[in-house]
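Q: Structure provided below as structure tokens; questions to follow.
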Amino acid sequence: MRELILTRQNHLVDPTLHVWAWQIPIYLFLGGLVAGMMVLSGLFLWQGRHQERPFTSSVAPLIGLVFLSLGMFALFLDLEHKRYTWRLYTTFQPTSPMSWGAWILLVVYPALVAAAFVHPPKLLRDLVPGVMQYTRAIEARTGARRMIGALNIGLGAALGIYTGILLSALGARPLWNSAILGPLFLLSGLSSAAAFIHLVARHVDEREGLARADNLFLVLELAAIVMFVIGLANATEAHRQAAALLLGGSYTALFWVGVVGLGVVIPLVIQLLAVNHRVQHSPVAPLMVLGGGLVLRFVIVSAGQESRWAALLADLVNALA
Amino acid sequence: MTPLAKYGAFGDEMGLVMAFIIGIGFGFFLERAGFGSAKKLVSQFYLDDLAVFKVMFTAIVTAMLGVTYLAWMGVLDLSLVYMTPTWLWPQIVGGLVLGVGFAIGGYCPGTSVAATATGRIDGLVYVLGLVFGTVVFAEAFPLLKGFFYSGSYGQQTLPGVLGLSYGVVVFAVVLMAIGGFAGAGWLEKRFARPASQQ
């Protein structure tokens with residue numbers, strides 16, 4: 001065990017394990033945002049409410065294509081061997097979250113395009129005049145629209161959860177080693193997507209509706225955060241040490257103020273007042289939700305890399321020595 | 001014993017969380033008192049509504065009496081309560097800059113955040129200006145450093161400067177507050193705007 005400790009705590013290994021910089025949190029945030037937009041647009045397409053919610057159903061899928069591409073570009077920048085990225089698509093490994101993610105990211109693109117074709121916005125109609133023939137074909141078959149809706153819901157949920165599973169599957173990092181992380185990232189993606197649409201949509205009804213949905217997502221996200229922290233704090237010593245990073249350790253203020261306070265609780269209170277017409281709607285709450293979602297990814301990725309089993313093993317060896 | 005942070009009840013990180021919670025409470029009560037409105041705030045410069053003066057002076061007196069009683073009861077160690085040292089000239093200039101900004105913009109830093117939280121665009125613009133000013137100050141600090149640390153008098157207290165006991169000063173401030181409230185009421189009546197202008 002002493003040899004193991006000496007090897008693991010080699011200064012050339014552990015201090016440099018903080019290898020994921022800004023690219024990964026940016027990718028996780030944009031991926032989660034697109035996942036949330038897909039679920040919301042898919043839901044309205046499934047329900048046949050796409051004309052009542054034109055931004056969510058028509059414009060959001062197109063914006064999703066841009067955001068996802070930006071996120072994947074950030075991911076690409078992080079890769080060590082950029083020229084071999086294509087090899088991810090020469091195999092499918094069912095037990096690898098990374099392999100699932102690579103394929104999900106690929107199939108998400110046609111699903112977003114299909115969603116945009118159901119009720120294309122004017123810009124798309126002007127740029128691609130031929131799009132209307134697909135729209136008419138989809139309109140002629142209710143089942144096709146519902147299938148596109150279901151596809152977007154399913155792939156959006158998969159994309160949102162996968163970003164959390166990708167981290168939680170890495171057992172070497174105790175902070176990430178939680179089953180709640182997948183649902184937490186999905187809920188954060190949903191709340192970010194609802195906030196984004198609330199921020200930029202033109203129709204008052206749509207904005208109001210998305211603000212109400214965002215309130216529900218924020219409550220669920222808060223519950224997931226509480227379960228995530230309680231779960232870690234009541235697990236093994238390594239998990240407890242990981243939780244301590246958020247409960248008095250070096251990420252406490254950023255997590256509880258930046259994520260929970262400014263990213264969830266305060267915008268939730270403001271939006272509850274706004275939807276009940278006690279204060280006016282403003283960009284403040286949705287911007288706070290988006291900022292909170294971004295900070296959540298930065299905190300989880302950064303604190304996760306700081307959490308380790310090696311410290312526990314060092315304690316054990318010192319106790320045995 | 002208190003201060004809690006000084007006695008190790010929580011570390012720096014948790015202290016920031018506490019500051020956030022207290023700050024949110026402060027902002028909430030500011031907003032509920034109507035101080036999220038620039039009109040309400042600048043009314044004190046027209047002397048027709050001195051609610052800001054009354055609320056702030058009440059807060060100062062309440063905190064002062066609370067600290068005094070807690071110290072007398074042995075709950076609070078006053079020697080461990082942080083006091084900003086006096087740098088006379090930069091603090092006079094800083095106070096004037098804050099006052100001018102308050103009169104022009106209609107907010108102070110705290111009330112601008114409360115206004116922003118309730119969706120007021122003027123509050124948001126004020127906060128952006130605040131951030132911009134802070135960045136400019138930080139970047140220009142090497143040039144301003146000499147002035148920033150000028151007129152140093154260390155930690156000064158009213159009892160120390162006036163040569164009076166702590167209790168006498170507390171009593172005098174309470175009397176000053178009562179007089180101030182009475183004076184404010186008289187000024188509000190004297191400068192009250194006709195209903196048609198409100």
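Starting from 1 in every chain, residues are counted up; chains themselves are A, B, ... following the order of the structure tokens, and ligands are numbered from 1 as listed.
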Which chain B residues are at most 9 Å from chain A (counting only C-alpha atoms), as a VMD selection string?
A: chain B and resid 10 to 17 20 to 21 24 116 to 121 124
Q: Can you tell me which residues surround Leu98 (chain B) at a distance of at most 10 Å, considering only C-alpha atoms, apart from same-chain residues fewer than 6 positions away, and format the answer as JSON, numbers by chain?
A: {"B": [92, 104, 107, 108, 109]}
Q: Hey, what does DSSP flag as alpha helix (DSSP H) within region 44-252 of chain A? Can you give it to me as a PyMOL selection string?
A: chain A and resi 44-47+54+60-78+97-118+122-127+131-139+142-168+181-200+204-233+237-244+252
Q: Filtering to C-alpha atoms, could you give me those residues as a short mmCIF file (atom, residue, chain, number, x, y, z; two decimals), in the first residue's frame?
A:
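That gives us selection38.cif:
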```cif
data_model
loop_
_atom_site.label_atom_id
_atom_site.label_comp_id
_atom_site.auth_asym_id
_atom_site.auth_seq_id
_atom_site.Cartn_x
_atom_site.Cartn_y
_atom_site.Cartn_z
CA PHE A 44 -44.86 21.07 -27.51
CA LEU A 45 -44.52 19.21 -30.81
CA TRP A 46 -45.91 16.04 -29.21
CA GLN A 47 -48.84 17.96 -27.75
CA PRO A 54 -43.37 29.36 -31.76
CA ALA A 60 -35.00 27.02 -30.26
CA PRO A 61 -34.02 23.92 -32.30
CA LEU A 62 -32.05 26.12 -34.70
CA ILE A 63 -30.37 27.96 -31.82
CA GLY A 64 -29.75 24.53 -30.32
CA LEU A 65 -27.76 23.54 -33.41
CA VAL A 66 -25.52 26.60 -32.93
CA PHE A 67 -25.09 26.12 -29.17
CA LEU A 68 -24.37 22.41 -29.51
CA SER A 69 -21.79 23.10 -32.19
CA LEU A 70 -20.12 25.69 -29.95
CA GLY A 71 -20.16 23.18 -27.07
CA MET A 72 -18.67 20.45 -29.23
CA PHE A 73 -16.02 22.88 -30.44
CA ALA A 74 -15.09 23.54 -26.79
CA LEU A 75 -14.96 19.77 -26.25
CA PHE A 76 -12.78 19.41 -29.35
CA LEU A 77 -10.37 22.04 -27.99
CA ASP A 78 -9.94 19.91 -24.87
CA PRO A 97 -20.76 6.68 -21.19
CA MET A 98 -18.24 8.40 -23.47
CA SER A 99 -19.23 6.15 -26.38
CA TRP A 100 -22.93 6.73 -25.66
CA GLY A 101 -22.29 10.47 -25.55
CA ALA A 102 -20.39 10.51 -28.83
CA TRP A 103 -23.26 8.78 -30.64
CA ILE A 104 -26.00 10.78 -28.87
CA LEU A 105 -24.29 14.01 -29.94
CA LEU A 106 -24.30 12.77 -33.51
CA VAL A 107 -27.97 11.76 -33.69
CA VAL A 108 -29.11 14.91 -31.87
CA TYR A 109 -28.34 17.01 -34.98
CA PRO A 110 -30.93 15.44 -37.34
CA ALA A 111 -33.50 15.45 -34.51
CA LEU A 112 -33.01 19.22 -34.05
CA VAL A 113 -33.25 19.80 -37.81
CA ALA A 114 -36.45 17.72 -37.97
CA ALA A 115 -37.96 19.77 -35.10
CA ALA A 116 -37.15 23.01 -36.92
CA PHE A 117 -38.83 21.66 -40.09
CA VAL A 118 -42.22 21.12 -38.38
CA LYS A 122 -39.26 32.85 -41.43
CA LEU A 123 -35.46 33.00 -41.52
CA LEU A 124 -35.24 29.28 -42.32
CA ARG A 125 -38.02 29.55 -44.93
CA ASP A 126 -36.14 32.40 -46.64
CA LEU A 127 -32.76 30.69 -46.52
CA VAL A 131 -38.03 23.36 -46.48
CA MET A 132 -41.78 23.87 -46.89
CA GLN A 133 -42.21 20.62 -48.79
CA TYR A 134 -40.95 18.76 -45.71
CA THR A 135 -43.19 20.87 -43.48
CA ARG A 136 -46.23 20.01 -45.62
CA ALA A 137 -45.27 16.33 -45.54
CA ILE A 138 -45.04 16.41 -41.73
CA GLU A 139 -48.29 18.37 -41.45
CA THR A 142 -49.92 13.77 -37.28
CA GLY A 143 -47.89 10.71 -36.34
CA ALA A 144 -44.77 12.16 -37.94
CA ARG A 145 -44.98 15.33 -35.85
CA ARG A 146 -45.56 13.32 -32.70
CA MET A 147 -42.65 11.04 -33.55
CA ILE A 148 -40.33 14.03 -34.04
CA GLY A 149 -41.58 15.38 -30.69
CA ALA A 150 -40.95 12.06 -28.93
CA LEU A 151 -37.53 11.77 -30.56
CA ASN A 152 -36.54 15.22 -29.29
CA ILE A 153 -37.82 14.47 -25.79
CA GLY A 154 -35.96 11.15 -25.66
CA LEU A 155 -32.70 12.39 -27.15
CA GLY A 156 -32.84 15.62 -25.12
CA ALA A 157 -33.25 13.64 -21.89
CA ALA A 158 -30.44 11.29 -22.94
CA LEU A 159 -28.13 14.20 -23.76
CA GLY A 160 -28.91 15.99 -20.49
CA ILE A 161 -28.47 12.89 -18.31
CA TYR A 162 -25.40 11.61 -20.15
CA THR A 163 -23.38 14.72 -19.22
CA GLY A 164 -23.88 13.83 -15.55
CA ILE A 165 -23.40 10.07 -16.06
CA LEU A 166 -20.13 10.78 -17.86
CA LEU A 167 -18.78 12.29 -14.65
CA SER A 168 -20.48 9.97 -12.16
CA LEU A 181 -25.53 13.88 -10.90
CA GLY A 182 -27.27 12.79 -14.13
CA PRO A 183 -30.77 13.95 -13.09
CA LEU A 184 -29.25 17.09 -11.53
CA PHE A 185 -27.59 18.07 -14.80
CA LEU A 186 -30.78 17.30 -16.74
CA LEU A 187 -32.87 19.47 -14.39
CA SER A 188 -30.29 22.24 -14.56
CA GLY A 189 -30.39 21.99 -18.37
CA LEU A 190 -34.20 22.20 -18.34
CA SER A 191 -34.20 25.23 -16.05
CA SER A 192 -31.49 26.92 -18.17
CA ALA A 193 -33.47 26.23 -21.36
CA ALA A 194 -36.70 27.57 -19.87
CA ALA A 195 -34.83 30.64 -18.60
CA PHE A 196 -33.22 31.22 -22.00
CA ILE A 197 -36.59 31.07 -23.77
CA HIS A 198 -38.14 33.28 -21.06
CA LEU A 199 -35.33 35.75 -21.76
CA VAL A 200 -35.52 35.96 -25.56
CA VAL A 204 -45.82 37.26 -23.72
CA ASP A 205 -47.82 34.02 -23.21
CA GLU A 206 -44.85 31.91 -24.18
CA ARG A 207 -42.51 33.80 -21.89
CA GLU A 208 -44.99 33.59 -19.02
CA GLY A 209 -45.49 29.87 -19.60
CA LEU A 210 -41.77 29.17 -19.69
CA ALA A 211 -41.23 31.25 -16.53
CA ARG A 212 -43.81 29.03 -14.77
CA ALA A 213 -42.10 25.89 -16.09
CA ASP A 214 -38.74 27.26 -14.97
CA ASN A 215 -40.06 27.67 -11.44
CA LEU A 216 -40.97 23.97 -11.35
CA PHE A 217 -37.55 22.98 -12.73
CA LEU A 218 -35.78 25.20 -10.20
CA VAL A 219 -37.67 23.57 -7.29
CA LEU A 220 -36.75 20.10 -8.60
CA GLU A 221 -33.15 21.19 -9.18
CA LEU A 222 -32.95 22.48 -5.62
CA ALA A 223 -34.24 19.11 -4.34
CA ALA A 224 -31.66 17.28 -6.49
CA ILE A 225 -28.86 19.50 -5.14
CA VAL A 226 -29.93 18.78 -1.55
CA MET A 227 -30.05 15.02 -2.26
CA PHE A 228 -26.67 15.17 -4.00
CA VAL A 229 -25.00 16.82 -0.98
CA ILE A 230 -26.80 14.62 1.60
CA GLY A 231 -25.91 11.50 -0.39
CA LEU A 232 -22.21 12.40 -0.45
CA ALA A 233 -22.15 13.50 3.19
CA GLU A 237 -15.09 8.75 4.16
CA ALA A 238 -13.78 9.72 0.70
CA HIS A 239 -17.25 10.91 -0.31
CA ARG A 240 -17.60 12.80 2.96
CA GLN A 241 -14.28 14.52 2.29
CA ALA A 242 -15.56 15.37 -1.20
CA ALA A 243 -18.78 16.81 0.26
CA ALA A 244 -16.65 18.84 2.68
CA THR A 252 -18.43 26.44 -0.33
#
```
Q: Quick one: residues within 7 Å of Phe29 (chain A), only C-alpha atoms counted, chain neighbours fewer than 6 positions away excluded, as a list in words?
A: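 Contacts, in chain order: Gly293, Leu294 and Arg297 of chain A.
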Q: In Å, rounded to a single decimal, give me how far CA of Ser302 (chain A) is from CA of Leu40 (chain A).
A: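 We find that CA of Leu40 (chain A) and CA of Ser302 (chain A) lie 29.3 Å from each other.
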Q: Skipping near chain neighbours, those fewer than 6 positions away, what residues fall within 10 Å of Leu128 (chain B) using only C-alpha atoms, listed as a list in words?
A: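 Skipping anything fewer than 6 positions along the chain leaves Ser112, Asp122 and Thr134 of chain B.
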Q: Would you mind exporting the chosen residues as a JSON list (two decimals), in the first residue's frame, restricted to N, CA and C atoms?
A:
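Result file is part.json:
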```
[["chain", "number", "residue", "atom", "x", "y", "z"],
["B", 112, "SER", "N", -29.50, 49.86, -5.29],
["B", 112, "SER", "CA", -29.49, 49.59, -6.74],
["B", 112, "SER", "C", -29.64, 48.10, -7.01],
["B", 122, "ASP", "N", -33.36, 51.02, -14.52],
["B", 122, "ASP", "CA", -32.44, 52.06, -14.04],
["B", 122, "ASP", "C", -31.51, 51.49, -12.96],
["B", 134, "THR", "N", -15.82, 50.03, -10.31],
["B", 134, "THR", "CA", -14.96, 49.20, -9.47],
["B", 134, "THR", "C", -13.76, 48.69, -10.27]]
```
Q: Would you return as an MDAnalysis selection string the members of region 10-177 of chain B that DSSP assigns to strand (DSSP E or B) on this structure's backbone?
A: chainID B and resid 76 86:87 152:154
Q: Store the residues of this selection in a file with N, CA and C atoms, as a CSV table (one decimal), in the first residue's frame.
A:
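Output file selection-v2.csv follows:
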```
chain,number,residue,atom,x,y,z
B,76,LEU,N,-20.6,39.5,23.6
B,76,LEU,CA,-19.8,40.0,22.4
B,76,LEU,C,-18.5,40.7,22.9
B,86,THR,N,-9.2,54.7,9.9
B,86,THR,CA,-9.5,56.0,9.3
B,86,THR,C,-8.3,56.5,8.3
B,87,TRP,N,-8.7,56.7,7.1
B,87,TRP,CA,-7.8,57.4,6.1
B,87,TRP,C,-8.6,58.6,5.7
B,152,SER,N,-3.7,58.8,7.4
B,152,SER,CA,-4.0,57.6,8.2
B,152,SER,C,-4.0,58.0,9.7
B,153,TYR,N,-5.1,57.7,10.3
B,153,TYR,CA,-5.3,57.9,11.8
B,153,TYR,C,-5.6,56.6,12.6
B,154,GLY,N,-5.4,55.5,11.9
B,154,GLY,CA,-5.7,54.2,12.6
B,154,GLY,C,-7.2,54.1,12.9
```
